[in-house]
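Structure file target_12.tsv (TSV, C-alpha atoms) is printed below.
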```
chain	number	residue	atom	x	y	z
A	1	PRO	CA	6.94	-20.76	66.06
A	2	THR	CA	3.24	-21.57	65.94
A	3	PHE	CA	2.01	-25.17	66.10
A	4	VAL	CA	-1.22	-26.68	64.77
A	5	LYS	CA	-3.41	-27.62	67.73
A	6	GLU	CA	-6.76	-28.78	66.30
A	7	LEU	CA	-8.49	-29.30	62.93
A	8	PHE	CA	-12.23	-28.73	62.70
A	9	PHE	CA	-14.23	-29.98	59.70
A	10	LYS	CA	-17.70	-29.03	58.49
A	11	SER	CA	-19.49	-30.83	55.66
A	12	SER	CA	-22.89	-32.08	54.60
A	13	ASP	CA	-24.21	-35.33	56.02
A	14	SER	CA	-24.02	-37.04	52.62
A	15	VAL	CA	-20.28	-37.60	52.90
A	16	ASN	CA	-18.48	-39.61	55.54
A	17	ILE	CA	-15.42	-37.51	56.24
A	18	ASP	CA	-13.87	-39.66	58.96
A	19	ASP	CA	-11.37	-41.15	56.53
A	20	PHE	CA	-10.45	-37.73	55.19
A	21	ILE	CA	-10.02	-36.20	58.64
A	22	SER	CA	-7.68	-38.99	59.65
A	23	SER	CA	-5.50	-38.23	56.61
A	24	LEU	CA	-4.91	-34.71	57.95
A	25	ASN	CA	-4.41	-35.62	61.61
A	26	TYR	CA	-0.65	-35.79	61.12
A	27	LEU	CA	-0.64	-31.99	60.93
A	28	LYS	CA	-1.52	-31.76	64.62
A	29	GLY	CA	1.50	-30.78	66.65
A	30	GLU	CA	3.44	-29.80	63.55
A	31	THR	CA	4.73	-26.32	62.84
A	32	PHE	CA	2.12	-24.15	61.14
A	33	ASN	CA	3.34	-24.24	57.54
A	34	ARG	CA	1.20	-22.86	54.75
A	35	TYR	CA	2.77	-25.02	52.05
A	36	GLU	CA	2.33	-28.22	54.08
A	37	ILE	CA	-1.32	-27.44	54.85
A	38	GLU	CA	-2.21	-26.58	51.25
A	39	THR	CA	-0.43	-29.69	49.96
A	40	SER	CA	-2.46	-31.84	52.35
A	41	ILE	CA	-5.70	-30.21	51.20
A	42	SER	CA	-4.70	-30.78	47.57
A	43	SER	CA	-4.12	-34.48	48.28
A	44	LEU	CA	-7.51	-34.61	49.97
A	45	LEU	CA	-9.20	-33.13	46.89
A	46	THR	CA	-7.39	-35.59	44.62
A	47	ASP	CA	-8.80	-38.41	46.71
A	48	PHE	CA	-12.29	-36.95	46.28
A	49	GLU	CA	-11.79	-36.61	42.52
A	50	ASN	CA	-10.83	-40.27	42.27
A	51	ARG	CA	-14.03	-41.22	44.14
A	52	GLY	CA	-16.35	-39.49	41.71
A	53	PHE	CA	-16.46	-35.90	43.09
A	54	PRO	CA	-14.61	-33.73	40.52
A	55	PHE	CA	-16.10	-30.48	41.83
A	56	ALA	CA	-15.18	-30.96	45.48
A	57	SER	CA	-13.60	-28.01	47.26
A	58	VAL	CA	-12.13	-27.27	50.67
A	59	LYS	CA	-12.38	-23.76	52.07
A	60	ILE	CA	-10.33	-22.48	54.97
A	61	GLN	CA	-13.08	-20.81	56.93
A	62	SER	CA	-10.78	-19.34	59.56
A	63	VAL	CA	-7.57	-19.85	61.51
A	64	HIS	CA	-7.63	-19.07	65.22
A	65	PHE	CA	-4.27	-18.12	66.73
A	66	TYR	CA	-3.80	-18.10	70.50
A	67	ASP	CA	-1.20	-18.54	73.23
A	68	ASP	CA	-1.15	-21.23	75.90
A	69	SER	CA	-0.91	-19.49	79.26
A	70	ILE	CA	0.79	-22.46	80.94
A	71	SER	CA	3.40	-23.52	78.38
A	72	ASP	CA	3.68	-20.11	76.73
A	73	GLU	CA	3.49	-21.85	73.32
A	74	HIS	CA	1.77	-20.38	70.24
A	75	TYR	CA	-1.02	-22.48	68.72
A	76	ALA	CA	-3.45	-22.36	65.82
A	77	ASP	CA	-6.81	-24.04	65.28
A	78	ILE	CA	-7.84	-24.50	61.64
A	79	TYR	CA	-11.51	-24.51	60.62
A	80	LEU	CA	-12.19	-26.16	57.26
A	81	VAL	CA	-15.40	-26.44	55.23
A	82	LEU	CA	-15.71	-29.32	52.79
A	83	GLU	CA	-18.06	-28.92	49.84
A	84	GLU	CA	-18.11	-32.22	48.00
A	85	GLY	CA	-20.21	-31.01	45.06
A	86	ARG	CA	-22.26	-33.47	43.06
A	87	GLN	CA	-21.14	-37.01	42.51
A	88	SER	CA	-20.52	-37.30	38.79
A	89	ARG	CA	-20.48	-39.96	36.15
A	90	ILE	CA	-19.29	-39.90	32.57
A	91	ASP	CA	-22.56	-40.01	30.64
A	92	LYS	CA	-21.26	-38.69	27.31
A	93	ILE	CA	-17.93	-38.42	25.50
A	94	GLU	CA	-17.46	-35.49	23.16
A	95	VAL	CA	-14.57	-35.38	20.68
A	96	THR	CA	-13.39	-32.13	19.08
A	97	GLY	CA	-10.59	-31.27	16.66
A	98	ASN	CA	-10.73	-34.46	14.59
A	99	THR	CA	-11.35	-33.87	10.91
A	100	SER	CA	-10.71	-37.32	9.43
A	101	THR	CA	-10.50	-39.75	12.35
A	102	LYS	CA	-13.88	-41.18	13.27
A	103	ASP	CA	-15.19	-40.49	16.77
A	104	TYR	CA	-15.63	-44.17	17.57
A	105	VAL	CA	-11.95	-44.84	16.83
A	106	ILE	CA	-10.99	-42.40	19.58
A	107	VAL	CA	-13.71	-43.42	22.04
A	108	ARG	CA	-12.90	-47.14	21.91
A	109	GLU	CA	-9.26	-46.47	22.83
A	110	LEU	CA	-10.39	-44.69	26.01
A	111	ARG	CA	-11.95	-47.91	27.37
A	112	ILE	CA	-14.60	-45.95	29.29
A	113	ASP	CA	-18.11	-47.30	29.71
A	114	THR	CA	-21.08	-44.95	29.56
A	115	GLY	CA	-22.21	-44.12	33.09
A	116	GLU	CA	-18.82	-44.91	34.60
A	117	GLU	CA	-17.95	-43.07	37.81
A	118	TYR	CA	-15.61	-40.12	37.35
A	119	SER	CA	-11.98	-40.74	38.34
A	120	GLN	CA	-9.35	-38.05	37.92
A	121	GLN	CA	-6.55	-40.61	37.94
A	122	LYS	CA	-8.11	-42.44	35.02
A	123	ILE	CA	-8.78	-39.19	33.16
A	124	GLU	CA	-5.13	-38.17	33.42
A	125	ASN	CA	-4.08	-41.51	31.89
A	126	LEU	CA	-6.23	-41.03	28.78
A	127	PRO	CA	-3.77	-38.84	26.81
A	128	ARG	CA	-1.14	-41.58	26.95
A	129	ARG	CA	-3.61	-44.06	25.45
A	130	LEU	CA	-4.46	-41.74	22.58
A	131	ASN	CA	-0.82	-40.81	21.95
A	132	LYS	CA	-0.06	-44.49	21.31
A	133	LEU	CA	-2.29	-44.34	18.23
A	134	ARG	CA	0.22	-41.96	16.61
A	135	TYR	CA	-2.62	-40.11	14.89
A	136	PHE	CA	-2.43	-36.87	16.90
A	137	ASP	CA	-0.11	-34.28	18.34
A	138	PRO	CA	0.38	-34.72	22.12
A	139	VAL	CA	-3.15	-34.88	23.53
A	140	PRO	CA	-3.96	-32.61	26.52
A	141	THR	CA	-5.84	-33.82	29.60
A	142	PRO	CA	-9.57	-34.06	28.80
A	143	GLN	CA	-12.04	-31.59	30.30
A	144	PHE	CA	-15.19	-32.48	32.22
A	145	TYR	CA	-18.39	-30.48	32.60
A	146	ILE	CA	-22.10	-30.82	33.33
A	147	ASP	CA	-24.39	-29.94	30.43
A	148	SER	CA	-27.91	-28.47	30.51
A	149	GLN	CA	-29.42	-31.96	30.87
A	150	ASN	CA	-27.33	-32.58	34.01
A	151	SER	CA	-25.24	-35.14	32.16
A	152	GLY	CA	-21.54	-35.48	32.79
A	153	VAL	CA	-19.62	-34.80	29.56
A	154	LEU	CA	-15.98	-35.76	29.01
A	155	GLN	CA	-14.52	-33.55	26.29
A	156	ILE	CA	-11.54	-34.84	24.30
A	157	ASN	CA	-9.65	-32.27	22.23
A	158	VAL	CA	-7.22	-33.59	19.61
A	159	LYS	CA	-5.12	-32.17	16.81
A	160	GLU	CA	-4.50	-34.57	13.96
A	161	ARG	CA	-1.11	-35.11	12.37
A	162	ASN	CA	-0.17	-36.68	9.06
A	163	THR	CA	-0.54	-40.44	9.47
A	164	ASN	CA	0.66	-41.45	6.01
A	165	SER	CA	4.30	-41.60	4.98
A	166	PHE	CA	6.25	-42.34	1.84
A	167	ASP	CA	9.97	-43.00	2.01
A	168	GLY	CA	11.88	-43.90	-1.10
A	169	ILE	CA	15.27	-43.85	-2.69
A	170	ILE	CA	15.93	-45.14	-6.19
A	171	GLY	CA	19.33	-45.62	-7.76
A	172	TYR	CA	20.75	-46.86	-11.02
A	173	ILE	CA	23.85	-49.06	-11.13
A	174	PRO	CA	25.52	-48.78	-14.56
A	175	PRO	CA	27.03	-51.89	-16.20
A	176	ALA	CA	30.53	-52.83	-15.06
A	177	LYS	CA	31.29	-54.72	-18.27
A	178	ASP	CA	30.36	-54.32	-21.91
A	179	ASN	CA	28.30	-57.52	-21.94
A	180	GLU	CA	26.26	-56.49	-18.89
A	181	SER	CA	23.30	-54.19	-18.46
A	182	GLY	CA	22.63	-51.75	-15.67
A	183	TYR	CA	19.92	-52.25	-13.06
A	184	VAL	CA	17.73	-50.27	-10.73
A	185	THR	CA	18.21	-50.51	-6.97
A	186	GLY	CA	16.63	-48.81	-3.99
A	187	LEU	CA	14.02	-48.87	-1.26
A	188	VAL	CA	10.37	-47.83	-1.26
A	189	ASN	CA	8.34	-47.81	1.96
A	190	VAL	CA	4.69	-46.66	1.97
A	191	THR	CA	2.77	-46.60	5.27
A	192	LEU	CA	-0.92	-45.77	5.73
A	193	ARG	CA	-1.72	-45.76	9.46
A	194	ASN	CA	-5.29	-44.42	9.57
A	195	ILE	CA	-7.12	-45.36	6.37
A	196	PHE	CA	-10.29	-43.26	5.93
A	197	GLY	CA	-10.11	-42.35	9.61
A	198	THR	CA	-11.07	-45.88	10.70
A	199	GLY	CA	-7.78	-46.89	12.34
A	200	ARG	CA	-7.06	-49.47	9.66
A	201	ALA	CA	-3.45	-49.60	8.50
A	202	ALA	CA	-1.52	-50.92	5.53
A	203	ALA	CA	2.12	-50.90	4.49
A	204	ILE	CA	4.09	-51.73	1.37
A	205	ARG	CA	7.86	-52.22	1.34
A	206	TRP	CA	10.02	-52.96	-1.68
A	207	GLN	CA	13.77	-53.26	-1.47
A	208	LYS	CA	16.29	-54.24	-4.14
A	209	LEU	CA	19.70	-54.82	-2.63
A	210	THR	CA	21.67	-56.21	-5.59
A	211	ARG	CA	21.08	-57.15	-9.20
A	212	GLU	CA	19.49	-60.48	-8.28
A	213	SER	CA	18.17	-59.91	-4.74
A	214	GLN	CA	15.01	-58.09	-3.80
A	215	GLU	CA	12.22	-58.14	-1.18
A	216	LEU	CA	8.52	-57.32	-1.33
A	217	GLU	CA	6.36	-57.08	1.79
A	218	LEU	CA	2.67	-56.24	2.18
A	219	LYS	CA	0.95	-55.75	5.56
A	220	TYR	CA	-2.60	-54.99	6.64
A	221	LEU	CA	-4.16	-54.29	10.07
A	222	GLU	CA	-7.85	-54.54	10.94
A	223	PRO	CA	-8.22	-53.00	14.42
A	224	TRP	CA	-10.87	-53.87	17.00
A	225	LEU	CA	-12.41	-56.76	15.11
A	226	PHE	CA	-16.25	-56.54	15.28
A	227	GLY	CA	-15.89	-53.91	18.00
A	228	TYR	CA	-13.98	-56.20	20.37
A	229	PRO	CA	-10.38	-55.59	21.57
A	230	PHE	CA	-8.82	-57.86	18.95
A	231	ASN	CA	-6.54	-56.76	16.12
A	232	LEU	CA	-6.29	-58.85	12.96
A	233	ASN	CA	-2.99	-58.70	11.05
A	234	ALA	CA	-2.21	-60.13	7.61
A	235	GLU	CA	1.18	-60.26	5.89
A	236	LEU	CA	2.61	-61.33	2.54
A	237	PHE	CA	6.39	-61.53	2.07
A	238	GLN	CA	8.54	-62.56	-0.87
A	239	ARG	CA	12.32	-62.61	-1.11
A	240	ILE	CA	14.37	-63.37	-4.22
A	241	GLN	CA	17.84	-64.28	-2.97
A	242	ASP	CA	20.47	-63.92	-5.68
A	243	THR	CA	20.25	-66.84	-8.07
A	244	THR	CA	19.73	-69.20	-5.11
A	245	TYR	CA	16.07	-69.39	-4.12
A	246	VAL	CA	12.71	-67.66	-3.84
A	247	GLN	CA	11.06	-67.44	-0.44
A	248	ARG	CA	7.30	-66.76	-0.12
A	249	LYS	CA	5.48	-66.35	3.17
A	250	LEU	CA	1.80	-65.76	3.91
A	251	GLY	CA	0.61	-65.28	7.47
A	252	GLY	CA	-1.95	-63.85	9.82
A	253	ALA	CA	-2.13	-62.98	13.51
A	254	LEU	CA	-4.86	-62.29	16.03
A	255	GLU	CA	-3.80	-59.89	18.79
A	256	PHE	CA	-5.76	-59.56	22.04
A	257	LEU	CA	-5.55	-56.08	23.58
A	258	ALA	CA	-5.78	-57.09	27.24
A	259	THR	CA	-5.15	-53.52	28.44
A	260	GLU	CA	-3.85	-50.35	26.85
A	261	ASP	CA	-0.31	-51.52	27.78
A	262	ILE	CA	-0.41	-55.33	27.49
A	263	SER	CA	-1.29	-57.43	24.46
A	264	ALA	CA	-0.92	-61.08	23.50
A	265	SER	CA	-1.06	-62.58	20.03
A	266	ALA	CA	-1.37	-65.92	18.26
A	267	PHE	CA	-0.27	-66.32	14.67
A	268	VAL	CA	-0.03	-68.86	11.87
A	269	SER	CA	1.85	-68.72	8.58
A	270	THR	CA	2.86	-70.86	5.63
A	271	GLU	CA	6.18	-70.61	3.84
A	272	GLU	CA	7.62	-71.99	0.63
A	273	ILE	CA	11.26	-72.16	-0.43
A	274	ILE	CA	11.75	-72.69	-4.15
A	275	PRO	CA	15.33	-73.22	-5.36
A	276	THR	CA	16.31	-71.50	-8.58
A	277	GLU	CA	16.68	-73.90	-11.50
A	278	ARG	CA	20.17	-73.94	-12.99
A	279	THR	CA	21.51	-75.23	-16.27
A	280	ILE	CA	24.12	-77.21	-14.39
A	281	PRO	CA	22.47	-78.66	-11.24
A	282	VAL	CA	24.09	-77.33	-8.07
A	283	PHE	CA	22.64	-77.75	-4.60
A	284	THR	CA	21.76	-74.49	-2.85
A	285	VAL	CA	18.71	-75.10	-0.62
A	286	TYR	CA	16.02	-77.73	-0.44
A	287	ASN	CA	12.63	-77.30	-2.01
A	288	SER	CA	10.54	-77.12	1.13
A	289	SER	CA	7.33	-75.93	2.72
A	290	SER	CA	6.55	-75.21	6.36
A	291	LEU	CA	3.65	-74.41	8.64
A	292	THR	CA	4.43	-72.10	11.55
A	293	THR	CA	2.35	-71.34	14.63
A	294	GLY	CA	3.31	-69.21	17.58
A	295	LEU	CA	2.49	-66.90	20.46
A	296	GLY	CA	3.66	-63.42	21.35
A	297	LEU	CA	3.53	-61.08	24.34
A	298	LYS	CA	4.04	-57.32	24.39
A	299	ILE	CA	4.20	-54.95	27.37
A	300	ASP	CA	4.51	-51.31	26.36
A	301	LEU	CA	4.75	-48.79	29.19
A	302	ARG	CA	6.44	-46.05	27.15
A	303	ASP	CA	4.93	-42.58	27.41
A	304	ASP	CA	5.22	-42.07	23.65
A	305	PRO	CA	5.76	-44.69	20.91
A	306	ILE	CA	7.75	-42.40	18.59
A	307	ALA	CA	9.99	-40.45	20.96
A	308	PRO	CA	9.69	-41.98	24.45
A	309	THR	CA	11.09	-40.10	27.43
A	310	GLY	CA	10.15	-42.71	30.03
A	311	GLY	CA	8.90	-46.24	30.55
A	312	PHE	CA	9.95	-49.54	29.01
A	313	LEU	CA	9.04	-51.93	26.20
A	314	PHE	CA	9.19	-55.72	26.40
A	315	GLU	CA	8.39	-58.08	23.53
A	316	THR	CA	8.82	-61.82	23.19
A	317	VAL	CA	7.71	-64.32	20.53
A	318	TYR	CA	7.84	-68.11	20.37
A	319	SER	CA	7.12	-70.00	17.15
A	320	PHE	CA	7.11	-73.64	16.12
A	321	SER	CA	7.60	-74.66	12.48
A	322	ARG	CA	6.89	-78.04	10.94
A	323	LYS	CA	9.08	-78.12	7.85
A	324	THR	CA	8.67	-80.56	4.98
A	325	VAL	CA	11.59	-81.17	2.62
A	326	ASN	CA	10.22	-81.98	-0.85
A	327	GLY	CA	13.46	-82.39	-2.77
A	328	PRO	CA	15.49	-82.47	-4.90
A	329	ASP	CA	15.68	-86.19	-4.19
A	330	GLU	CA	19.26	-86.55	-5.41
A	331	TYR	CA	20.46	-84.19	-2.65
A	332	ILE	CA	18.52	-85.76	0.23
A	333	THR	CA	21.13	-87.76	2.12
A	334	PRO	CA	20.14	-91.02	3.85
A	335	GLY	CA	19.15	-90.43	7.47
A	336	LEU	CA	18.20	-86.78	6.86
A	337	GLU	CA	15.12	-85.67	8.76
A	338	THR	CA	12.78	-84.64	5.94
A	339	ASN	CA	10.21	-83.20	8.35
A	340	PRO	CA	12.36	-81.27	10.84
A	341	ASN	CA	10.86	-79.22	13.64
A	342	LEU	CA	12.23	-75.71	14.04
A	343	GLN	CA	11.72	-73.47	17.06
A	344	ARG	CA	12.34	-69.74	17.12
A	345	ILE	CA	12.54	-67.63	20.27
A	346	THR	CA	12.91	-63.85	20.22
A	347	ALA	CA	12.96	-61.37	23.09
A	348	GLY	CA	13.61	-57.66	23.32
A	349	PHE	CA	13.69	-55.13	26.13
A	350	GLY	CA	14.07	-51.35	25.96
A	351	ALA	CA	14.12	-48.81	28.80
A	352	PHE	CA	13.98	-45.01	28.56
A	353	TYR	CA	14.73	-42.34	31.15
A	354	GLU	CA	14.84	-38.56	30.74
A	355	ILE	CA	17.85	-37.29	32.69
A	356	PHE	CA	17.06	-33.65	31.89
A	357	PHE	CA	15.04	-31.69	29.34
A	358	LYS	CA	15.23	-33.23	25.85
A	359	SER	CA	18.00	-35.62	26.92
A	360	VAL	CA	16.97	-39.25	27.23
A	361	VAL	CA	19.00	-42.31	28.10
A	362	ALA	CA	17.81	-45.29	26.05
A	363	PHE	CA	18.93	-48.85	26.76
A	364	SER	CA	17.94	-51.92	24.79
A	365	VAL	CA	18.92	-55.57	24.58
A	366	ASN	CA	17.60	-58.04	21.99
A	367	GLY	CA	18.14	-61.76	21.46
A	368	ARG	CA	17.07	-64.42	18.97
A	369	GLU	CA	17.60	-68.15	18.87
A	370	LEU	CA	16.82	-70.82	16.28
A	371	ARG	CA	16.65	-74.47	17.32
A	372	GLY	CA	16.39	-77.55	15.12
A	373	PRO	CA	18.21	-80.62	13.75
A	374	PHE	CA	19.69	-78.67	10.83
A	375	PHE	CA	19.38	-75.23	9.27
A	376	GLU	CA	19.39	-73.92	5.74
A	377	GLN	CA	20.33	-70.46	4.55
A	378	SER	CA	16.65	-69.58	4.20
A	379	ASP	CA	16.01	-70.44	7.89
A	380	LEU	CA	18.63	-68.16	9.36
A	381	TRP	CA	18.22	-64.58	10.54
A	382	ARG	CA	19.80	-61.81	8.55
A	383	PHE	CA	21.25	-58.81	10.33
A	384	GLY	CA	23.77	-56.05	9.88
A	385	GLY	CA	23.42	-52.49	8.65
A	386	THR	CA	21.86	-49.30	9.98
A	387	LYS	CA	19.09	-50.89	12.07
A	388	THR	CA	21.17	-53.61	13.76
A	389	VAL	CA	24.97	-53.45	13.45
A	390	ARG	CA	26.13	-50.20	11.96
A	391	GLY	CA	29.30	-50.07	9.88
A	392	TYR	CA	28.42	-53.26	7.99
A	393	ARG	CA	26.45	-53.96	4.84
A	394	GLU	CA	22.71	-54.48	5.08
A	395	GLU	CA	21.93	-58.10	6.03
A	396	GLN	CA	25.60	-58.99	5.80
A	397	PHE	CA	25.44	-61.70	8.50
A	398	LEU	CA	23.47	-64.93	8.82
A	399	ALA	CA	23.01	-66.52	12.24
A	400	SER	CA	20.99	-69.02	14.20
```

Please lay out the structure from this file as structure tokens.
Amino acid sequence: PTFVKELFFKSSDSVNIDDFISSLNYLKGETFNRYEIETSISSLLTDFENRGFPFASVKIQSVHFYDDSISDEHYADIYLVLEEGRQSRIDKIEVTGNTSTKDYVIVRELRIDTGEEYSQQKIENLPRRLNKLRYFDPVPTPQFYIDSQNSGVLQINVKERNTNSFDGIIGYIPPAKDNESGYVTGLVNVTLRNIFGTGRAAAIRWQKLTRESQELELKYLEPWLFGYPFNLNAELFQRIQDTTYVQRKLGGALEFLATEDISASAFVSTEEIIPTERTIPVFTVYNSSSLTTGLGLKIDLRDDPIAPTGGFLFETVYSFSRKTVNGPDEYITPGLETNPNLQRITAGFGAFYEIFFKSVVAFSVNGRELRGPFFEQSDLWRFGGTKTVRGYREEQFLAS
């Protein structure tokens, strides 16, 4: 076997290579192994790329093999030439392949300032940021080049996918008795995720579960409010529950995008519960109104929001509701707290790991808790069905 005896470096005076030489000193005394040497050089170049030298190169000028006359061992001296290239900065960002999405929508998600020093590690993280938008097919690693004006240009190449979706199923339930009429049931879900290429989003959901019960939900998202990393969300929700009550909710939230993976939000909403008037008075729920405020935290380290193969997702929300019971007076029992405080806590965690190609283990746990002096049917969470507990009817269960 041949052992590495010495490493000799040559470079220009503009670069201090002492730190880099020390990172290769471990090769001295080791068996001369081509793979090990090339791997070490590759790590050295990666370090240069992360310090603003994307065009750095290391050339093996020569390898001198010789025998030690005393120990009769075989040795090799390696002569390396380091060419650091020019130190580069990202002066321009060029986007190609987008036909409807505006350039500024893509650039703002990169979180790169003009004139920022080149870093290969940061460049390789950019596709994950763009994939989270769900506007494009998997984005490749951006390219970097120097143009004729000696400016560093970062080139982003994307391929847009359909960002709008319409899901719907409509059914007709015929009358069960002669004195009844049939009714329409179903679900309609319309999602617009990139309106006019600006990143704005809107959604409409209508669902009719039974003859008397139906839901209507409208949502709107204004991203990067005034060019700052804040998302503004608005929501309108109405539920007609059997012949029991009507629930209306109007709310808004301001979400701070701390990083591409972590966000925090504050929200406020108002809610009204209106009992259905009956010919013969029967108590169902109180006529009430409430003001809710809360905070939320989200940490999303998944590699893809639609079909993740790695990473985890953590979400938690805390809300405080000040509820006012307005009546009916005849059903308000003495000693009842007419302005009860309700607290809601939700938390969810999901982890994903690809055990082999196209096979992913997904684990998730979710919890919700409602606290307060007393609860009505309209306060409780509804679950059951395909998205929560399969094998049961949709929203079959109520729970605190």

Residue neighbourhood Leu218 (chain A), 12 Å, all atoms listed in the file, exclusion window fewer than 4 positions, as a PyMOL selection string: chain A and resi 188-192+201-206+233-238+248-252

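Distances to Gln61 (chain A) were evaluated for A:Phe32, A:Tyr183, A:Gln343, A:Phe8 using all atoms listed in the file, and the minimum falls at A:Phe8.
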
Contacts of Lys59 (chain A) at 7 Å (all atoms listed in the file; same-chain gap of 4+ positions) as a list in words: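 The filter keeps Leu80, Val81 and Leu82 of chain A.
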
Radius query 12 Å about (-15.3, -59.8, 21.9), atoms used: all atoms listed in the file, as a ChimeraX atom specification: /A:224-231,255-258

Compute the distance from (12.5, -76.7, -4.6) to each atom, counting only C-alpha atoms, keep the residues with any atom at most 7 Å away, and return them as a PDB file with C-alpha atoms, in the frame of the given file; use the coordinates of the file.
```pdb
ATOM      1  CA  ILE A 273      11.260 -72.160  -0.430  1.00  0.00           C
ATOM      2  CA  ILE A 274      11.750 -72.690  -4.150  1.00  0.00           C
ATOM      3  CA  PRO A 275      15.330 -73.220  -5.360  1.00  0.00           C
ATOM      4  CA  TYR A 286      16.020 -77.730  -0.440  1.00  0.00           C
ATOM      5  CA  ASN A 287      12.630 -77.300  -2.010  1.00  0.00           C
ATOM      6  CA  SER A 288      10.540 -77.120   1.130  1.00  0.00           C
ATOM      7  CA  ASN A 326      10.220 -81.980  -0.850  1.00  0.00           C
ATOM      8  CA  GLY A 327      13.460 -82.390  -2.770  1.00  0.00           C
ATOM      9  CA  PRO A 328      15.490 -82.470  -4.900  1.00  0.00           C
TER      10      PRO A 328
END
```

Closest of A:Glu215, A:Gly311, A:Phe374, A:Glu394 to Val360 (chain A) - atom-to-atom distances counting only C-alpha atoms: A:Gly311

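A straight line drawn from CA of Asp261 (chain A) to CA of Leu301 (chain A) is 5.9 Å long.
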
Contacts of Phe136 (chain A) within 10 Å, only C-alpha atoms, excl. fewer than 2 positions in-chain, as a list in words: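 Once the adjacent positions are removed, what remains is Gly97, Asn98, Thr101, Leu130, Asn131, Lys132, Leu133, Arg134, Pro138, Val139, Val158, Lys159, Glu160, Arg161, Asn162 and Thr163 of chain A.
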
For CA of Gly152 (chain A) and CA of Phe53 (chain A), the interatomic separation in Å (one decimal): 11.5 Å

Residues within 10 Å of Phe48 (chain A), only C-alpha atoms, excluding chain neighbours under 4 positions, as a ChimeraX atom specification: /A:20,42-44,52-57,84-85,87,119-120

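Close contacts of Thr284 (chain A), defined as residues with an atom at most 9 Å away when counting all atoms listed in the file, with chain neighbours fewer than 5 positions off set aside, comprise Thr244, Tyr245, Pro275, Thr276, Glu376 and Gln377 of chain A.
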
Two-atom distance - CA of Phe363 (chain A), CA of Leu295 (chain A) (Å):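 Separation between CA of Phe363 (chain A) and CA of Leu295 (chain A): 25.2 Å.
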
Minimum-distance residue to Pro127 (chain A), chosen among A:His74, A:Ile299, A:Pro142, A:Ser321 (using only C-alpha atoms): A:Pro142

To box region 54-61 of chain A, take all atoms listed in the file, fit an axis-aligned box, add 8 Å on each side, and give centre and edge lengths in Å to one decimal, as JSON.
```
{"center_x": -13.2, "center_y": -27.3, "center_z": 48.7, "size_x": 21.8, "size_y": 28.9, "size_z": 32.4}
```

Which residue of A:Gln396, A:Ser22, A:Thr293, A:Thr99 approaches Phe383 (chain A) most closely, using only C-alpha atoms: A:Gln396

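Using all atoms listed in the file, the nearest neighbour of Phe144 (chain A) within the list A:Ile169, A:Val95, A:Val107, A:Ile60 is A:Val95.
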